[in-house]
$ cat start09.tsv   # TSV, N, CA and C atoms
chain	number	residue	atom	x	y	z
G	30	MET	N	67.53	85.46	99.96
G	30	MET	CA	67.83	85.29	101.35
G	30	MET	C	69.34	85.45	101.55
G	31	LYS	N	69.71	86.30	102.46
G	31	LYS	CA	71.11	86.60	102.70
G	31	LYS	C	71.62	85.71	103.83
G	32	THR	N	72.70	84.97	103.55
G	32	THR	CA	73.28	84.12	104.58
G	32	THR	C	74.49	84.82	105.17
G	33	LYS	N	74.68	84.64	106.46
G	33	LYS	CA	75.81	85.26	107.14
G	33	LYS	C	76.99	84.29	107.14
G	34	LYS	N	78.16	84.80	106.76
G	34	LYS	CA	79.36	83.97	106.72
G	34	LYS	C	79.97	83.88	108.11
G	35	ASN	N	80.48	82.71	108.45
G	35	ASN	CA	81.20	82.61	109.71
G	35	ASN	C	82.64	83.07	109.49
G	36	LEU	N	83.40	83.10	110.56
G	36	LEU	CA	84.74	83.68	110.51
G	36	LEU	C	85.69	82.88	109.62
G	37	THR	N	85.60	81.55	109.64
G	37	THR	CA	86.51	80.76	108.82
G	37	THR	C	86.25	80.99	107.34
G	38	GLU	N	84.99	81.17	106.96
G	38	GLU	CA	84.69	81.49	105.56
G	38	GLU	C	85.23	82.86	105.18
G	39	ARG	N	85.20	83.77	106.12
G	39	ARG	CA	85.74	85.11	105.84
G	39	ARG	C	87.26	85.06	105.68
G	40	ILE	N	87.92	84.29	106.53
G	40	ILE	CA	89.38	84.17	106.42
G	40	ILE	C	89.74	83.53	105.08
G	41	TYR	N	89.02	82.48	104.71
G	41	TYR	CA	89.26	81.82	103.43
G	41	TYR	C	89.02	82.81	102.28
G	42	THR	N	87.96	83.60	102.37
G	42	THR	CA	87.65	84.57	101.33
G	42	THR	C	88.73	85.62	101.22
G	43	ILE	N	89.23	86.09	102.36
G	43	ILE	CA	90.28	87.11	102.34
G	43	ILE	C	91.56	86.56	101.73
G	44	GLU	N	91.92	85.33	102.08
G	44	GLU	CA	93.13	84.74	101.50
G	44	GLU	C	92.96	84.48	100.01
G	45	LEU	N	91.80	84.03	99.62
G	45	LEU	CA	91.55	83.79	98.20
G	45	LEU	C	91.57	85.10	97.41
G	46	LEU	N	90.95	86.14	97.95
G	46	LEU	CA	90.95	87.43	97.26
G	46	LEU	C	92.35	88.04	97.19
G	47	SER	N	93.14	87.90	98.25
G	47	SER	CA	94.50	88.44	98.20
G	47	SER	C	95.35	87.65	97.20
G	48	GLY	N	95.12	86.34	97.09
G	48	GLY	CA	95.79	85.57	96.05
G	48	GLY	C	95.38	86.02	94.66
G	49	MET	N	94.10	86.33	94.50
G	49	MET	CA	93.61	86.81	93.21
G	49	MET	C	94.20	88.19	92.87
G	50	ILE	N	94.41	89.02	93.89
G	50	ILE	CA	95.01	90.33	93.66
G	50	ILE	C	96.44	90.18	93.17
G	51	PHE	N	97.22	89.30	93.83
G	51	PHE	CA	98.59	89.09	93.38
G	51	PHE	C	98.64	88.46	91.99
G	52	TYR	N	97.70	87.56	91.70
G	52	TYR	CA	97.63	86.97	90.37
G	52	TYR	C	97.30	88.04	89.33
G	53	SER	N	96.37	88.93	89.66
G	53	SER	CA	96.01	90.02	88.74
G	53	SER	C	97.18	90.95	88.51
G	54	LEU	N	97.96	91.23	89.55
G	54	LEU	CA	99.16	92.05	89.38
G	54	LEU	C	100.16	91.35	88.45
G	55	GLY	N	100.31	90.04	88.62
G	55	GLY	CA	101.21	89.29	87.75
G	55	GLY	C	100.75	89.35	86.30
G	56	ILE	N	99.45	89.21	86.08
G	56	ILE	CA	98.91	89.32	84.72
G	56	ILE	C	99.14	90.71	84.16
G	57	LEU	N	98.97	91.72	85.01
G	57	LEU	CA	99.19	93.10	84.57
G	57	LEU	C	100.64	93.33	84.19
G	58	PHE	N	101.58	92.72	84.94
G	58	PHE	CA	103.01	92.87	84.61
G	58	PHE	C	103.40	92.10	83.35
G	59	VAL	N	102.76	90.95	83.11
G	59	VAL	CA	103.13	90.10	81.98
G	59	VAL	C	102.52	90.60	80.66
G	60	THR	N	101.35	91.18	80.75
G	60	THR	CA	100.64	91.60	79.55
G	60	THR	C	101.46	92.61	78.75
G	61	PRO	N	101.62	92.35	77.46
G	61	PRO	CA	102.40	93.30	76.65
G	61	PRO	C	101.63	94.62	76.48
G	62	PRO	N	102.35	95.67	76.22
G	62	PRO	CA	101.68	96.97	76.05
G	62	PRO	C	100.70	96.95	74.88
G	63	THR	N	99.59	97.59	75.08
G	63	THR	CA	98.59	97.67	74.02
G	63	THR	C	98.80	98.96	73.23
G	64	ASN	N	97.93	99.18	72.25
G	64	ASN	CA	98.00	100.42	71.48
G	64	ASN	C	97.86	101.63	72.38
G	65	SER	N	96.93	101.51	73.28
G	65	SER	CA	96.74	102.58	74.25
G	65	SER	C	97.11	102.03	75.62
G	66	GLU	N	98.16	102.56	76.21
G	66	GLU	CA	98.57	102.13	77.55
G	66	GLU	C	97.46	102.37	78.56
G	67	PHE	N	96.64	103.36	78.30
G	67	PHE	CA	95.54	103.71	79.19
G	67	PHE	C	94.57	102.55	79.34
G	68	THR	N	94.31	101.83	78.25
G	68	THR	CA	93.37	100.71	78.28
G	68	THR	C	93.87	99.59	79.18
G	69	LYS	N	95.14	99.23	79.04
G	69	LYS	CA	95.71	98.14	79.84
G	69	LYS	C	95.65	98.46	81.32
G	70	TYR	N	96.09	99.66	81.68
G	70	TYR	CA	96.14	100.00	83.10
G	70	TYR	C	94.76	100.32	83.67
G	71	THR	N	93.83	100.78	82.85
G	71	THR	CA	92.47	101.03	83.34
G	71	THR	C	91.76	99.72	83.66
G	72	ILE	N	91.83	98.77	82.75
G	72	ILE	CA	91.16	97.49	82.97
G	72	ILE	C	91.82	96.73	84.11
G	73	GLY	N	93.14	96.70	84.15
G	73	GLY	CA	93.85	96.02	85.24
G	73	GLY	C	93.60	96.69	86.58
G	74	GLY	N	93.62	98.01	86.59
G	74	GLY	CA	93.36	98.75	87.83
G	74	GLY	C	91.95	98.57	88.34
G	75	LEU	N	90.99	98.56	87.43
G	75	LEU	CA	89.60	98.33	87.84
G	75	LEU	C	89.41	96.93	88.40
G	76	MET	N	90.07	95.97	87.80
G	76	MET	CA	89.97	94.59	88.29
G	76	MET	C	90.54	94.49	89.71
G	77	ILE	N	91.69	95.08	89.94
G	77	ILE	CA	92.29	95.05	91.26
G	77	ILE	C	91.48	95.87	92.25
G	78	LEU	N	90.92	96.99	91.82
G	78	LEU	CA	90.09	97.82	92.70
G	78	LEU	C	88.84	97.09	93.16
G	79	VAL	N	88.20	96.37	92.26
G	79	VAL	CA	87.00	95.60	92.64
G	79	VAL	C	87.36	94.52	93.66
G	80	LEU	N	88.47	93.82	93.43
G	80	LEU	CA	88.91	92.80	94.39
G	80	LEU	C	89.24	93.41	95.75
G	81	LEU	N	89.89	94.58	95.75
G	81	LEU	CA	90.21	95.25	97.01
G	81	LEU	C	88.96	95.70	97.75
G	82	ILE	N	87.97	96.20	97.03
G	82	ILE	CA	86.73	96.64	97.67
G	82	ILE	C	86.02	95.45	98.32
G	83	ILE	N	85.94	94.34	97.60
G	83	ILE	CA	85.30	93.15	98.17
G	83	ILE	C	86.07	92.67	99.40
G	84	MET	N	87.41	92.72	99.34
G	84	MET	CA	88.21	92.27	100.47
G	84	MET	C	88.04	93.20	101.67
G	85	VAL	N	88.01	94.51	101.46
G	85	VAL	CA	87.85	95.45	102.57
G	85	VAL	C	86.47	95.30	103.21
G	86	VAL	N	85.44	95.11	102.40
G	86	VAL	CA	84.09	94.89	102.95
G	86	VAL	C	84.05	93.61	103.77
G	87	THR	N	84.71	92.57	103.29
G	87	THR	CA	84.77	91.31	104.03
G	87	THR	C	85.52	91.49	105.35
G	88	ILE	N	86.59	92.25	105.35
G	88	ILE	CA	87.35	92.48	106.57
G	88	ILE	C	86.56	93.31	107.57
G	89	LEU	N	85.89	94.35	107.09
G	89	LEU	CA	85.19	95.26	108.00
G	89	LEU	C	83.93	94.66	108.60
G	90	THR	N	83.36	93.62	107.99
G	90	THR	CA	82.15	93.01	108.55
G	90	THR	C	82.46	91.95	109.59
G	91	ASN	N	83.72	91.79	109.94
G	91	ASN	CA	84.13	90.78	110.91
G	91	ASN	C	83.96	91.32	112.33
G	92	THR	N	83.23	90.61	113.16
G	92	THR	CA	83.05	91.04	114.55
G	92	THR	C	83.41	89.94	115.55
G	93	GLU	N	83.66	88.73	115.10
G	93	GLU	CA	83.92	87.62	116.02
G	93	GLU	C	85.39	87.25	116.01
G	94	LYS	N	85.79	86.44	116.98
G	94	LYS	CA	87.16	85.97	117.12
G	94	LYS	C	87.22	84.48	116.79
G	95	LEU	N	88.42	84.03	116.41
G	95	LEU	CA	88.61	82.61	116.13
G	95	LEU	C	88.58	81.80	117.42
G	96	ASP	N	87.91	80.64	117.38
G	96	ASP	CA	87.96	79.75	118.53
G	96	ASP	C	89.26	78.94	118.49
G	97	GLU	N	89.49	78.14	119.50
G	97	GLU	CA	90.77	77.43	119.62
G	97	GLU	C	90.96	76.40	118.51
G	98	ARG	N	89.90	75.71	118.11
G	98	ARG	CA	90.02	74.71	117.05
G	98	ARG	C	90.37	75.38	115.72
G	99	ALA	N	89.72	76.49	115.41
G	99	ALA	CA	90.01	77.20	114.16
G	99	ALA	C	91.42	77.78	114.18
G	100	LEU	N	91.85	78.26	115.35
G	100	LEU	CA	93.20	78.79	115.46
G	100	LEU	C	94.24	77.68	115.26
G	101	ASN	N	93.98	76.49	115.82
G	101	ASN	CA	94.88	75.35	115.60
G	101	ASN	C	94.91	74.95	114.13
G	102	ASN	N	93.75	74.96	113.47
G	102	ASN	CA	93.72	74.64	112.04
G	102	ASN	C	94.46	75.68	111.23
G	103	PHE	N	94.39	76.95	111.65
G	103	PHE	CA	95.12	78.01	110.95
G	103	PHE	C	96.63	77.78	111.09
G	104	TYR	N	97.06	77.41	112.29
G	104	TYR	CA	98.48	77.13	112.50
G	104	TYR	C	98.93	75.90	111.73
G	105	LYS	N	98.08	74.86	111.68
G	105	LYS	CA	98.41	73.66	110.91
G	105	LYS	C	98.57	73.99	109.43
G	106	SER	N	97.65	74.79	108.90
G	106	SER	CA	97.73	75.14	107.48
G	106	SER	C	98.95	76.00	107.20
G	107	SER	N	99.34	76.85	108.16
G	107	SER	CA	100.57	77.63	107.99
G	107	SER	C	101.78	76.71	107.94
G	108	ASN	N	101.80	75.70	108.81
G	108	ASN	CA	102.92	74.75	108.80
G	108	ASN	C	102.96	73.93	107.53
G	109	ILE	N	101.81	73.51	107.04
G	109	ILE	CA	101.76	72.74	105.79
G	109	ILE	C	102.24	73.60	104.62
G	110	THR	N	101.81	74.84	104.57
G	110	THR	CA	102.24	75.75	103.51
G	110	THR	C	103.74	75.98	103.58
G	111	PHE	N	104.26	76.18	104.79
G	111	PHE	CA	105.70	76.38	104.96
G	111	PHE	C	106.47	75.13	104.52
G	112	LEU	N	105.95	73.94	104.81
G	112	LEU	CA	106.58	72.70	104.38
G	112	LEU	C	106.61	72.60	102.86
G	113	PHE	N	105.49	72.94	102.20
G	113	PHE	CA	105.47	72.91	100.74
G	113	PHE	C	106.46	73.90	100.13
G	114	ILE	N	106.58	75.08	100.74
G	114	ILE	CA	107.53	76.07	100.23
G	114	ILE	C	108.96	75.55	100.37
G	115	LEU	N	109.28	74.98	101.53
G	115	LEU	CA	110.63	74.44	101.73
G	115	LEU	C	110.94	73.29	100.77
G	116	LEU	N	109.96	72.39	100.58
G	116	LEU	CA	110.18	71.29	99.63
G	116	LEU	C	110.37	71.80	98.21
G	117	PHE	N	109.57	72.81	97.82
G	117	PHE	CA	109.71	73.39	96.49
G	117	PHE	C	111.08	74.03	96.31
G	118	LEU	N	111.54	74.76	97.33
G	118	LEU	CA	112.86	75.38	97.24
G	118	LEU	C	113.97	74.34	97.23
G	119	LEU	N	113.81	73.27	98.00
G	119	LEU	CA	114.82	72.21	98.02
G	119	LEU	C	114.90	71.50	96.68
G	120	VAL	N	113.76	71.11	96.13
G	120	VAL	CA	113.75	70.44	94.83
G	120	VAL	C	114.24	71.39	93.74
G	121	GLY	N	113.85	72.65	93.82
G	121	GLY	CA	114.33	73.63	92.84
G	121	GLY	C	115.82	73.85	92.93
G	122	GLY	N	116.36	73.87	94.15
G	122	GLY	CA	117.81	74.02	94.32
G	122	GLY	C	118.58	72.84	93.78
G	123	VAL	N	118.08	71.64	94.04
G	123	VAL	CA	118.75	70.44	93.52
G	123	VAL	C	118.65	70.40	92.00
G	124	ALA	N	117.48	70.76	91.47
G	124	ALA	CA	117.31	70.74	90.02
G	124	ALA	C	118.22	71.76	89.34
G	125	THR	N	118.35	72.94	89.92
G	125	THR	CA	119.22	73.94	89.30
G	125	THR	C	120.70	73.62	89.48
G	126	TYR	N	121.03	72.76	90.45
G	126	TYR	CA	122.42	72.33	90.60
G	126	TYR	C	122.82	71.40	89.46
G	127	PHE	N	121.92	70.49	89.09
G	127	PHE	CA	122.24	69.53	88.04
G	127	PHE	C	121.89	70.04	86.65
G	128	ILE	N	120.88	70.86	86.54
G	128	ILE	CA	120.47	71.40	85.25
G	128	ILE	C	120.64	72.91	85.31
G	129	PRO	N	121.65	73.46	84.65
G	129	PRO	CA	121.86	74.91	84.72
G	129	PRO	C	120.72	75.66	84.03
G	130	ILE	N	119.99	76.39	84.82
G	130	ILE	CA	118.86	77.16	84.31
G	130	ILE	C	119.08	78.61	84.68
G	131	GLY	N	119.00	79.48	83.71
G	131	GLY	CA	119.07	80.91	83.99
G	131	GLY	C	117.69	81.39	84.38
G	132	LEU	N	117.49	81.66	85.66
G	132	LEU	CA	116.18	82.07	86.15
G	132	LEU	C	116.22	83.53	86.54
G	133	LYS	N	115.36	84.30	85.92
G	133	LYS	CA	115.27	85.71	86.23
G	133	LYS	C	113.96	85.96	86.96
G	134	LEU	N	114.06	86.44	88.18
G	134	LEU	CA	112.85	86.73	88.95
G	134	LEU	C	112.33	88.11	88.58
G	135	SER	N	111.22	88.11	87.90
G	135	SER	CA	110.58	89.36	87.54
G	135	SER	C	109.44	89.62	88.52
G	136	PRO	N	108.91	90.83	88.56
G	136	PRO	CA	107.77	91.10	89.43
G	136	PRO	C	106.57	90.20	89.14
G	137	ALA	N	106.39	89.81	87.89
G	137	ALA	CA	105.26	88.94	87.54
G	137	ALA	C	105.43	87.56	88.16
G	138	ILE	N	106.62	86.99	88.10
G	138	ILE	CA	106.86	85.67	88.68
G	138	ILE	C	106.70	85.71	90.19
G	139	ILE	N	107.21	86.76	90.82
G	139	ILE	CA	107.06	86.90	92.26
G	139	ILE	C	105.59	87.04	92.64
G	140	SER	N	104.82	87.78	91.86
G	140	SER	CA	103.38	87.91	92.12
G	140	SER	C	102.67	86.57	91.98
G	141	PHE	N	103.02	85.79	90.96
G	141	PHE	CA	102.41	84.48	90.78
G	141	PHE	C	102.76	83.54	91.93
G	142	ILE	N	104.01	83.59	92.39
G	142	ILE	CA	104.42	82.74	93.51
G	142	ILE	C	103.67	83.12	94.78
G	143	LEU	N	103.53	84.41	95.04
G	143	LEU	CA	102.77	84.86	96.21
G	143	LEU	C	101.31	84.44	96.12
G	144	ALA	N	100.75	84.50	94.93
G	144	ALA	CA	99.35	84.07	94.76
G	144	ALA	C	99.21	82.59	95.05
G	145	VAL	N	100.15	81.78	94.58
G	145	VAL	CA	100.09	80.34	94.84
G	145	VAL	C	100.23	80.05	96.33
G	146	ILE	N	101.12	80.76	97.00
G	146	ILE	CA	101.31	80.56	98.44
G	146	ILE	C	100.03	80.91	99.20
G	147	LEU	N	99.42	82.04	98.89
G	147	LEU	CA	98.20	82.44	99.59
G	147	LEU	C	97.04	81.49	99.32
G	148	ILE	N	96.89	81.06	98.09
G	148	ILE	CA	95.80	80.15	97.76
G	148	ILE	C	96.05	78.77	98.36
G	149	LEU	N	97.30	78.33	98.41
G	149	LEU	CA	97.62	77.06	99.06
G	149	LEU	C	97.30	77.12	100.55
G	150	HIS	N	97.65	78.21	101.20
G	150	HIS	CA	97.36	78.35	102.63
G	150	HIS	C	95.86	78.40	102.87
G	151	GLY	N	95.15	79.16	102.07
G	151	GLY	CA	93.69	79.24	102.24
G	151	GLY	C	93.01	77.91	101.98
G	152	SER	N	93.48	77.18	100.98
G	152	SER	CA	92.87	75.89	100.66
G	152	SER	C	93.12	74.85	101.75
G	153	THR	N	94.33	74.83	102.29
G	153	THR	CA	94.59	73.87	103.37
G	153	THR	C	93.82	74.24	104.63
G	154	PHE	N	93.69	75.53	104.91
G	154	PHE	CA	92.91	75.96	106.06
G	154	PHE	C	91.45	75.57	105.89
G	155	ARG	N	90.91	75.80	104.71
G	155	ARG	CA	89.51	75.47	104.45
G	155	ARG	C	89.29	73.96	104.51
G	156	SER	N	90.21	73.17	103.96
G	156	SER	CA	90.03	71.71	104.00
G	156	SER	C	90.14	71.17	105.42
G	157	LEU	N	91.02	71.76	106.25
G	157	LEU	CA	91.08	71.34	107.65
G	157	LEU	C	89.83	71.72	108.39
G	158	GLU	N	89.24	72.85	108.08
G	158	GLU	CA	88.00	73.27	108.73
G	158	GLU	C	86.83	72.39	108.32
G	159	ILE	N	86.79	72.02	107.05
G	159	ILE	CA	85.69	71.18	106.57
G	159	ILE	C	85.79	69.77	107.18
G	160	SER	N	87.03	69.25	107.28
G	160	SER	CA	87.20	67.90	107.82
G	160	SER	C	86.91	67.85	109.31
G	161	GLY	N	87.00	68.99	110.00
G	161	GLY	CA	86.67	69.04	111.42
G	161	GLY	C	87.76	68.53	112.34
G	162	LYS	N	88.99	68.45	111.85
G	162	LYS	CA	90.10	67.95	112.68
G	162	LYS	C	90.71	69.06	113.48
$ encode --input "start09.tsv" --output "structure tokens"
Amino acid sequence: MKTKKNLTERIYTIELLSGMIFYSLGILFVTPPTNSEFTKYTIGGLMILVLLIIMVVTILTNTEKLDERALNNFYKSSNITFLFILLFLLVGGVATYFIPIGLKLSPAIISFILAVILILHGSTFRSLEISGK
């Protein structure tokens, strides 16, 4: 029996899949080269392609609009995510002031950070929707 997803489940799915795509890119960047470079990029590319196909199908099957309560929950989750990012940057700035750390931002680290941000936003949105506030 096929169940139809409502719009909030689709939004959560899209955010979760985009977080998984950025995480997969980070894994692809971090993974050391194999004997055959073709193997690493084929498996990583197929993994990202499958996630993209699922995400595009989820996006294209959307026909409804968000109601006011869901839109308010989306804005609340955006504000909570922004607050967590600011707190993380503040604590990180204070920590690097007192403890000298040489931090090199590589594409893998940036991909992991983007994945965490997207999954945090999707999780807070989903929890606000489930609680009904």
$ select_by_dssp --input "start09.tsv" --residues "stretch 32-137 of chain G" --states "alpha helix (DSSP H)" --output "number ranges by chain"
G: 36-59, 66-89, 97-127, 136-137
$ axis_aligned_box --input "start09.tsv" --around "stretch 59-73 of chain G" --padding-each-side "3 Å" --output "lines of an AutoDock Vina configuration file"
center_x = 97.1
center_y = 96.9
center_z = 79.0
size_x = 18.0
size_y = 19.6
size_z = 21.1
$ closest_residue --input "start09.tsv" --among "G:Thr37, G:Ser47, G:Ser53, G:Thr153" --to "G:Thr110" --atoms "only N, CA and C atoms"
G:Thr153
$ residues_around --input "start09.tsv" --residues "G:Met76" --least-positions-apart "5" --cutoff "8 Å" --atoms "all atoms listed in the file" --output "list of chain:residue names"
G:Met49, G:Ile50, G:Ser53, G:Tyr70, G:Thr71, G:Leu81, G:Ile82
$ atom_distance --input "start09.tsv" --atom1 "atom C of G:Leu157" --atom2 "atom C of G:Ile114"
21.1 Å
$ atom_distance --input "start09.tsv" --atom1 "atom C of G:Ala144" --atom2 "atom CA of G:Phe103"
17.0 Å
$ atom_distance --input "start09.tsv" --atom1 "atom CA of G:Ala137" --atom2 "atom CA of G:Gly73"
13.6 Å
$ closest_atom_pairs --input "start09.tsv" --of "stretch 91-162 of chain G" --to "stretch 55-64 of chain G" --cutoff "6 Å" --atoms "all atoms listed in the file" --output "tab-separated table"
residue	atom	partner	partner_atom	distance
G:Pro136	C	G:Gly55	CA	5.6
G:Ala137	CA	G:Gly55	CA	4.1
G:Ile138	N	G:Gly55	CA	5.9
G:Ser140	CA	G:Gly55	CA	5.1
G:Phe141	N	G:Gly55	CA	5.1
$ closest_residue --input "start09.tsv" --among "G:Val120, G:Ile43, G:Leu95, G:Ile130" --to "G:Ile148" --atoms "only C-alpha atoms"
G:Ile43
$ closest_residue --input "start09.tsv" --among "G:Val145, G:Arg155, G:Thr42, G:His150" --to "G:Thr87" --atoms "only N, CA and C atoms"
G:Thr42
